[in-house]
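Trainee: I have a structure I would like to understand better, so I am pasting it below and will then ask my questions one at a time.
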Amino acid sequence: MRRATRVAAFVLAAVLAIALAALASAWAPDRPVSALQARWAPPPSAFVDVKGLAVHVRDVGPRDDPLPIVLLHGTSASLHTWEGWAASLARDRRVISMDLPGFGLTGPNTTGDYRMAAYVRFVLDTLDVLNVRRFIVAGNSLGGNVAWETALAAPERVARLILVDAGGYPPTSTSVPLGFRLARTPVLNRMVSRLLPRRMIEASLRNVYGDPSRVTPELVDRYEELTLRAGNRRAVVQRFEQSDFGAGAARIASLKLPTLILWGGRDRLIPPEHGQRFARDIAGSTLVVFDTLGHVPQEEDPARTVAPVRRFVGLPG
């Protein structure tokens, strides 16, 4: 009996040791924004004050453009997701991208409010600071949801709309990245603010890419380091707690502006059927599906996906 007890104690100790080692390897403290700026905010990045929040923006291209193109990223992403598009479009047009509150180097907002109306106000306030009155807005995922809500809230300011695997309808995901699942799960989501296994970041990226082989160590570095920006992990949890996904879907059909809809045919987070529904609901819209791409097609293959955007805004393809 004593021998069995000793064996059981040994096994328990070994299991605890393994668990502690796993936790230690996943432990990832927050990083101050000052420690991340050199790598992730070189020129042309800038920080602008928007109602007390230092917002990370990139404002490139000709300043005399009367209709700048505004690019809004999705959950846990950053303005870097648009680098390929910005490089192409900025040769002819003014292009503005920004880190939304709770993400990238902008970090958590000053109010703790991550509801859709707060994001719409943030976008309009930021453009006011940049002296942009009228614009074209493009958004991916969460950013797509913000984009069309902005078009509804300020129709006099939004000239054209570009939706890229956009949110808006009730979820019908066939596969959700592990990081998102943890952020949505009570109790477990408290761990998200302290732990960040690199393997989880890589697995989540591979989950949303149509071709997982395109996920490079450098890409994982970017998502990992910007997620570690102080306050971002807690902000993601708050956003999921405050979100009412699909609540405004009935309003999509009231959009009355030129709209281009781009979708990854292998998107398992927001499946292509949602793109088809946007196309049905928004009169006169155009849908383009990229069969081999996933949830972030603008990042996965910028050259291929920006071509229809260039035509849509009046530039050679």
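By convention in this document, the chains of the structure tokens carry letters A, B, ... by their order, each chain's residues are numbered from 1, and ligands are numbered from 1 in the order they are shown.
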Which polymer residues have any atom within 8 Å of an atom of Val70 of chain A, counting only C-alpha atoms, with same-chain residues fewer than 2 positions away left out, as a ChimeraX atom specification?

Mentor: /A:68,72,95-97,135-138

Trainee: How close does segment 109-180 of chain A get to segment 278-291 of chain A? List, as CSV, each residue of segment 109-180 of chain A within 10 Å, its nearest atom pair and the distance in Å to one decimal, counting only C-alpha atoms.

Mentor:
```
residue,atom,partner,partner_atom,distance
A:Leu161,CA,A:Ser285,CA,9.4
A:Ile162,CA,A:Ser285,CA,9.7
A:Leu163,CA,A:Phe278,CA,8.9
A:Val164,CA,A:Val288,CA,9.7
A:Asp165,CA,A:Val289,CA,9.8
A:Ala166,CA,A:Phe278,CA,9.0
A:Gly167,CA,A:Phe278,CA,10.0
A:Gly168,CA,A:Phe278,CA,8.8
A:Tyr169,CA,A:Phe278,CA,8.9
```

Trainee: Quick one: DSSP strand (DSSP E) residues in segment 20-150 of chain A, as a PyMOL selection string?

Mentor: chain A and resi 45-50+53-60+69-72+95-98+135-141

Trainee: Determine which residues of segment 28-249 of chain A receive a DSSP assignment of helix (DSSP H, G or I), computed from the backbone, and state them as a VMD selection string.

Mentor: chain A and resid 33 to 35 37 to 40 79 to 89 116 to 129 142 to 153 178 to 184 188 to 192 198 to 208 212 to 214 217 to 227 232 to 242 249

Trainee: To one decimal in Å, tell me the separation between atom CA of Leu219 of chain A and atom CA of Val50 of chain A.

Mentor: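 The value is 28.6 Å.
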
Trainee: Report the distance between atom CA of Pro308 of chain A and atom CA of Thr259 of chain A in Å, rounded to one decimal place.

Mentor: 11.8 Å

Trainee: Which one of A:Gly246, A:Pro171, A:Gly107, A:Pro197 sits closest to Arg268 of chain A if you count only C-alpha atoms?

Mentor: A:Pro171

Trainee: Counting only C-alpha atoms, figure out which residue out of A:Val132, A:Ile270, A:Leu105, A:Lys51 gets nearest to Asp65 of chain A.

Mentor: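 Among the listed residues, A:Val132 lies closest to Asp65 of chain A.
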
Trainee: Grab the atom CA of Leu53 of chain A to atom CA of Pro108 of chain A distance for me, in Å with one decimal place.

Mentor: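 Going from atom CA of Leu53 of chain A over to atom CA of Pro108 of chain A, I get 8.7 Å.
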
Trainee: So which one's closest to Met98 of chain A, A:Val146, A:Val120, A:Ala46, A:Leu205? Using only C-alpha atoms, please.

Mentor: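 Answer, going by the shortest atom-to-atom distance: A:Ala46.
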
Trainee: Could you name the residues that touch Gly317 of chain A at 10 Å or less, counting only C-alpha atoms, but leaving out those on the same chain fewer than 6 positions away, as a ChimeraX atom specification?

Mentor: /A:304,306-311

Trainee: Given only C-alpha atoms as the basis, pick out the residue of A:Pro44, A:Gly143, A:Gly104, A:Gly210 nearest to Arg229 of chain A.

Mentor: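 So, comparing all the options, the nearest one is A:Gly104.
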